[in-house]
file input-v5.txt (compact mmCIF, C-alpha atoms)
# COMPACT_ATOMS: atom_id res chain seq x y z
CA MET A 8 -14.23 4.59 -23.38
CA LYS A 9 -17.49 4.02 -21.51
CA ILE A 10 -17.89 0.92 -19.41
CA LYS A 11 -21.14 0.21 -17.65
CA ASN A 12 -21.16 -1.16 -14.12
CA HIS A 13 -17.62 -0.11 -13.39
CA ILE A 14 -16.14 0.74 -10.01
CA LYS A 15 -13.88 3.73 -9.39
CA HIS A 16 -11.89 3.64 -6.19
CA LEU A 17 -9.60 6.28 -4.67
CA ALA A 18 -7.31 4.92 -1.97
CA VAL A 19 -4.13 5.73 -0.09
CA SER A 20 -1.27 3.51 0.97
CA ALA A 21 2.21 3.76 2.44
CA ALA A 22 5.48 2.46 1.04
CA ILE A 23 7.05 1.91 4.47
CA PHE A 24 10.81 1.52 4.83
CA ASN A 25 12.74 0.69 7.99
CA ASP A 26 16.35 1.36 8.97
CA LYS A 27 17.39 -2.05 7.59
CA ASN A 28 16.31 -1.04 4.07
CA GLU A 29 13.31 -3.38 4.27
CA ILE A 30 9.82 -2.68 2.91
CA LEU A 31 6.64 -3.53 4.83
CA LEU A 32 3.97 -5.23 2.72
CA SER A 33 0.65 -6.82 3.59
CA LYS A 34 -1.07 -9.74 1.87
CA ARG A 35 -4.66 -9.02 0.85
CA ASN A 36 -7.40 -11.37 2.07
CA GLU A 37 -10.52 -10.56 0.09
CA PRO A 38 -11.64 -13.45 -2.16
CA ARG A 39 -14.40 -11.44 -3.87
CA TRP A 40 -11.72 -9.29 -5.57
CA SER A 41 -9.52 -11.64 -7.59
CA HIS A 42 -7.37 -8.73 -8.78
CA SER A 43 -5.95 -8.24 -5.27
CA HIS A 44 -6.74 -11.36 -3.21
CA GLY A 45 -3.60 -13.17 -2.07
CA LYS A 46 -1.28 -10.48 -3.44
CA TRP A 47 1.26 -8.45 -1.50
CA GLN A 48 0.56 -4.74 -1.41
CA PHE A 49 1.31 -1.58 0.53
CA PRO A 50 -0.85 -1.15 3.66
CA GLY A 51 -3.58 1.45 3.24
CA GLY A 52 -7.24 1.94 2.49
CA GLY A 53 -10.12 4.19 1.63
CA ILE A 54 -10.47 7.85 2.51
CA GLU A 55 -13.36 8.62 4.86
CA PHE A 56 -15.58 11.61 4.14
CA GLY A 57 -13.90 14.83 5.28
CA GLU A 58 -10.58 13.13 5.98
CA HIS A 59 -7.32 14.36 4.45
CA PRO A 60 -5.33 11.68 2.57
CA GLU A 61 -2.32 12.18 4.87
CA GLN A 62 -4.49 11.49 7.94
CA THR A 63 -6.04 8.50 6.19
CA VAL A 64 -2.77 6.77 5.37
CA ILE A 65 -1.44 7.15 8.93
CA ARG A 66 -4.74 5.83 10.38
CA GLU A 67 -5.05 2.96 7.89
CA VAL A 68 -1.49 1.74 8.43
CA LEU A 69 -2.00 1.70 12.19
CA GLU A 70 -5.34 -0.14 11.83
CA GLU A 71 -4.13 -2.69 9.27
CA VAL A 72 -0.64 -3.54 10.45
CA GLY A 73 -0.25 -1.88 13.86
CA VAL A 74 2.73 0.38 13.18
CA LYS A 75 3.30 4.12 13.33
CA ILE A 76 4.89 5.87 10.39
CA LYS A 77 6.32 9.22 9.35
CA LEU A 78 5.50 10.45 5.86
CA LEU A 79 8.61 11.38 3.88
CA THR A 80 6.69 13.73 1.60
CA LYS A 81 3.32 15.42 1.38
CA ASN A 82 3.33 14.69 -2.36
CA PRO A 83 2.22 11.09 -2.92
CA LEU A 84 3.21 8.94 -5.85
CA ILE A 85 0.09 8.45 -7.97
CA GLN A 86 -0.66 5.04 -9.42
CA SER A 87 -3.62 4.34 -11.70
CA VAL A 88 -4.48 0.69 -12.26
CA ILE A 89 -7.37 -0.80 -14.24
CA PHE A 90 -8.52 -4.36 -13.61
CA LYS A 91 -10.54 -5.09 -16.77
CA LYS A 92 -11.91 -8.45 -15.64
CA GLU A 93 -13.77 -6.83 -12.74
CA ASN A 94 -14.28 -3.37 -14.31
CA VAL A 95 -12.38 -1.76 -11.45
CA HIS A 96 -10.28 1.40 -11.76
CA VAL A 97 -8.13 2.18 -8.74
CA VAL A 98 -6.32 5.49 -8.29
CA LEU A 99 -3.83 5.03 -5.50
CA LEU A 100 -1.98 7.78 -3.63
CA VAL A 101 1.17 6.14 -2.25
CA TYR A 102 3.13 7.97 0.45
CA PRO A 103 6.79 7.00 0.87
CA SER A 104 7.17 6.60 4.64
CA LEU A 105 9.52 5.62 7.42
CA TYR A 106 8.69 3.11 10.12
CA ILE A 107 8.64 4.83 13.53
CA SER A 108 7.39 2.27 16.08
CA GLY A 109 5.10 -0.64 16.83
CA ARG A 110 5.00 -4.37 16.23
CA ILE A 111 3.27 -5.80 13.21
CA ASN A 112 -0.25 -6.77 14.28
CA ILE A 113 -2.93 -7.73 11.74
CA LYS A 114 -5.58 -8.99 14.18
CA ASN A 115 -7.77 -5.89 13.71
CA ASP A 116 -8.08 -6.19 9.93
CA PRO A 117 -9.96 -9.14 8.40
CA TYR A 118 -8.76 -8.11 4.93
CA THR A 119 -5.09 -8.62 5.79
CA ALA A 120 -3.88 -12.24 5.78
CA GLU A 121 -0.27 -11.48 6.63
CA ALA A 122 2.20 -8.62 6.90
CA ARG A 123 5.97 -8.70 6.98
CA TRP A 124 9.19 -6.93 6.07
CA PHE A 125 10.85 -7.74 2.74
CA LYS A 126 14.38 -7.12 1.57
CA PRO A 127 14.43 -5.22 -1.75
CA ARG A 128 15.92 -8.22 -3.59
CA GLU A 129 12.90 -10.34 -2.57
CA ILE A 130 10.32 -8.07 -4.21
CA ASP A 131 10.80 -9.40 -7.75
CA SER A 132 9.98 -12.94 -6.64
CA ILE A 133 6.71 -12.31 -4.78
CA PHE A 134 3.13 -12.24 -6.06
CA SER A 135 2.38 -8.53 -5.66
CA MET A 136 0.09 -5.80 -6.91
CA PRO A 137 1.35 -4.09 -10.10
CA GLU A 138 2.28 -0.82 -8.41
CA VAL A 139 4.62 -2.30 -5.78
CA LYS A 140 7.81 -2.51 -7.85
CA ASN A 141 7.30 0.89 -9.52
CA VAL A 142 6.66 2.67 -6.24
CA ILE A 143 9.67 1.14 -4.51
CA LYS A 144 11.92 2.41 -7.30
CA SER A 145 10.30 5.85 -7.27
CA SER A 146 10.59 6.09 -3.46
CA GLN A 147 14.37 5.85 -3.46
CA LYS A 148 14.77 9.61 -3.91
CA TYR A 149 13.14 10.17 -0.50
CA LEU A 150 15.41 7.81 1.39
CA ILE A 151 18.67 8.66 3.09
CA PHE A 152 20.04 5.21 2.28
CA ASP A 153 20.19 3.13 -0.91
CA ILE A 154 17.96 0.14 -1.49
call {"tool": "encode", "arguments": {"input": "input-v5.txt", "output": "structure tokens"}}
result
Amino acid sequence: MKIKNHIKHLAVSAAIFNDKNEILLSKRNEPRWSHSHGKWQFPGGGIEFGEHPEQTVIREVLEEVGVKIKLLTKNPLIQSVIFKKENVHVVLLVYPSLYISGRINIKNDPYTAEARWFKPREIDSIFSMPEVKNVIKSSQKYLIFDI
């Protein structure tokens, strides 16, 4: 299938869990992209030239939400999402991660409206990106506790 004027985007994000079995999500603030604006998602972003995805996700999480993380695996969960309305194809490398330290701080990222911890039972009732629920379920195998 060939689509003219389409956008391909490779990004990384972190499915961050804390010791209370909560998941850290951020709410996107970017009105020009209706497919993600106002939706809860995993913190992350684009890979800079020459940067390894593992470095990117650690940097992006610190920049966007102000916390330090530890990756639980070097093998990310791969999500591929197409937003037909905007001709956008996003390939997302999601790293299951553990919260290490820091307080949530979104002041340095104009594209993040809010960030907070969610209990697993809350996830089904929030307006989130399509990959959120799938990744949380897939991440369970990396955790030492049940969610």
call {"tool": "closest_residue", "arguments": {"input": "input-v5.txt", "among": "A:Arg66, A:Lys77, A:Lys27, A:Lys46", "to": "Leu105 (chain A)", "atoms": "only C-alpha atoms"}}
result
A:Lys77
call {"tool": "atom_distance", "arguments": {"input": "input-v5.txt", "atom1": "CA of Met136 (chain A)", "atom2": "CA of Tyr118 (chain A)"}}
result
15.0 Å
call {"tool": "residues_around", "arguments": {"input": "input-v5.txt", "residues": "Lys144 (chain A)", "least_positions_apart": "4", "cutoff": "10 Å", "atoms": "only C-alpha atoms", "output": "count of residues only"}}
result
5
call {"tool": "residues_around", "arguments": {"input": "input-v5.txt", "residues": "Ser146 (chain A)", "least_positions_apart": "2", "cutoff": "9 Å", "atoms": "only C-alpha atoms", "output": "short mmCIF file (atom, residue, chain, number, x, y, z; two decimals) with C-alpha atoms, keeping the file's coordinate frame"}}
result
data_model
loop_
_atom_site.label_atom_id
_atom_site.label_comp_id
_atom_site.auth_asym_id
_atom_site.auth_seq_id
_atom_site.Cartn_x
_atom_site.Cartn_y
_atom_site.Cartn_z
CA ALA A 22 5.48 2.46 1.04
CA LEU A 84 3.21 8.94 -5.85
CA TYR A 102 3.13 7.97 0.45
CA PRO A 103 6.79 7.00 0.87
CA SER A 104 7.17 6.60 4.64
CA ASN A 141 7.30 0.89 -9.52
CA VAL A 142 6.66 2.67 -6.24
CA ILE A 143 9.67 1.14 -4.51
CA LYS A 144 11.92 2.41 -7.30
CA LYS A 148 14.77 9.61 -3.91
CA TYR A 149 13.14 10.17 -0.50
CA LEU A 150 15.41 7.81 1.39
#
call {"tool": "closest_residue", "arguments": {"input": "input-v5.txt", "among": "A:Glu37, A:Glu138, A:Asp26, A:Glu71", "to": "Lys126 (chain A)", "atoms": "only C-alpha atoms"}}
result
A:Asp26
call {"tool": "atom_distance", "arguments": {"input": "input-v5.txt", "atom1": "CA of Trp47 (chain A)", "atom2": "CA of Ser135 (chain A)"}}
result
4.3 Å
call {"tool": "residues_around", "arguments": {"input": "input-v5.txt", "residues": "Val101 (chain A)", "least_positions_apart": "4", "cutoff": "9 Å", "atoms": "all atoms listed in the file", "output": "PyMOL selection string"}}
result
chain A and resi 18-22+49+51+64+82-86+142
call {"tool": "closest_residue", "arguments": {"input": "input-v5.txt", "among": "A:Leu79, A:Ile133, A:Leu17, A:Ile113", "to": "Gly53 (chain A)", "atoms": "only C-alpha atoms"}}
result
A:Leu17
call {"tool": "closest_residue", "arguments": {"input": "input-v5.txt", "among": "A:Asn25, A:Ile30, A:Pro137, A:Ser132", "to": "Ser87 (chain A)", "atoms": "only C-alpha atoms"}}
result
A:Pro137
call {"tool": "atom_distance", "arguments": {"input": "input-v5.txt", "atom1": "CA of Arg35 (chain A)", "atom2": "CA of Ala120 (chain A)"}}
result
5.9 Å
call {"tool": "residues_near_point", "arguments": {"input": "input-v5.txt", "point": "(6.6, -2.6, 13.3)", "cutoff": "10 Å", "atoms": "only C-alpha atoms", "output": "number ranges by chain"}}
result
A: 23, 25, 31, 69, 72-76, 106-112, 122-124
call {"tool": "closest_residue", "arguments": {"input": "input-v5.txt", "among": "A:Val97, A:Ile130, A:Leu32, A:Ile65", "to": "Ile14 (chain A)", "atoms": "all atoms listed in the file"}}
result
A:Val97
call {"tool": "closest_residue", "arguments": {"input": "input-v5.txt", "among": "A:His59, A:Ile54, A:Pro117, A:Leu78", "to": "His16 (chain A)", "atoms": "all atoms listed in the file"}}
result
A:Ile54
call {"tool": "decode", "arguments": {"input": "input-v5.txt", "residues": "region 14-92 of chain A", "atoms": "C-alpha atoms", "output": "tab-separated table (two decimals), in the first residue's frame"}}
result
chain	number	residue	atom	x	y	z
A	14	ILE	CA	4.98	10.31	8.13
A	15	LYS	CA	7.05	7.47	9.55
A	16	HIS	CA	8.22	7.91	13.10
A	17	LEU	CA	10.52	5.71	15.20
A	18	ALA	CA	10.33	6.45	18.91
A	19	VAL	CA	11.16	4.94	22.29
A	20	SER	CA	9.23	4.98	25.53
A	21	ALA	CA	9.30	3.40	28.97
A	22	ALA	CA	6.61	1.39	30.72
A	23	ILE	CA	7.66	2.48	34.22
A	24	PHE	CA	6.54	0.54	37.27
A	25	ASN	CA	7.13	1.43	40.92
A	26	ASP	CA	7.22	-0.73	44.04
A	27	LYS	CA	3.49	-0.10	44.62
A	28	ASN	CA	2.61	-1.82	41.32
A	29	GLU	CA	1.71	1.54	39.76
A	30	ILE	CA	2.45	2.62	36.18
A	31	LEU	CA	3.72	6.11	35.30
A	32	LEU	CA	1.93	7.70	32.34
A	33	SER	CA	2.08	11.16	30.82
A	34	LYS	CA	-0.70	13.06	29.07
A	35	ARG	CA	0.27	14.38	25.64
A	36	ASN	CA	-0.14	18.10	24.93
A	37	GLU	CA	0.23	18.57	21.20
A	38	PRO	CA	-2.98	19.81	19.53
A	39	ARG	CA	-1.61	19.50	15.98
A	40	TRP	CA	-1.61	15.68	16.36
A	41	SER	CA	-5.17	14.63	17.15
A	42	HIS	CA	-4.14	10.97	17.33
A	43	SER	CA	-2.19	11.59	20.55
A	44	HIS	CA	-3.26	14.97	21.97
A	45	GLY	CA	-4.90	14.63	25.38
A	46	LYS	CA	-4.19	10.90	25.62
A	47	TRP	CA	-2.21	9.11	28.30
A	48	GLN	CA	0.94	7.43	27.06
A	49	PHE	CA	4.30	6.11	28.20
A	50	PRO	CA	6.97	8.83	28.57
A	51	GLY	CA	9.52	8.80	25.77
A	52	GLY	CA	10.47	10.44	22.51
A	53	GLY	CA	12.54	10.48	19.37
A	54	ILE	CA	15.99	9.02	18.92
A	55	GLU	CA	18.70	11.59	18.18
A	56	PHE	CA	21.24	10.88	15.46
A	57	GLY	CA	23.94	8.52	16.75
A	58	GLU	CA	22.10	7.78	19.98
A	59	HIS	CA	21.32	4.23	21.10
A	60	PRO	CA	17.63	3.58	21.89
A	61	GLU	CA	18.48	2.58	25.48
A	62	GLN	CA	20.25	5.92	26.04
A	63	THR	CA	17.35	7.74	24.41
A	64	VAL	CA	14.65	6.28	26.62
A	65	ILE	CA	16.57	7.04	29.82
A	66	ARG	CA	17.25	10.63	28.64
A	67	GLU	CA	13.70	11.23	27.40
A	68	VAL	CA	12.07	9.98	30.61
A	69	LEU	CA	14.28	12.26	32.70
A	70	GLU	CA	13.55	15.25	30.41
A	71	GLU	CA	9.79	14.66	30.17
A	72	VAL	CA	8.83	13.57	33.66
A	73	GLY	CA	11.93	14.11	35.82
A	74	VAL	CA	12.51	10.56	37.06
A	75	LYS	CA	15.37	8.10	36.78
A	76	ILE	CA	14.66	4.56	35.66
A	77	LYS	CA	16.32	1.18	35.31
A	78	LEU	CA	15.56	-0.82	32.18
A	79	LEU	CA	14.33	-4.33	32.97
A	80	THR	CA	15.42	-5.67	29.58
A	81	LYS	CA	17.54	-4.65	26.62
A	82	ASN	CA	14.87	-6.15	24.35
A	83	PRO	CA	12.04	-3.63	23.94
A	84	LEU	CA	8.45	-4.51	23.21
A	85	ILE	CA	7.73	-3.35	19.66
A	86	GLN	CA	4.46	-1.62	18.88
A	87	SER	CA	3.44	-0.53	15.39
A	88	VAL	CA	0.50	1.86	15.17
A	89	ILE	CA	-0.98	3.53	12.09
A	90	PHE	CA	-3.11	6.66	12.41
A	91	LYS	CA	-4.89	6.74	9.04
A	92	LYS	CA	-6.52	10.14	9.49
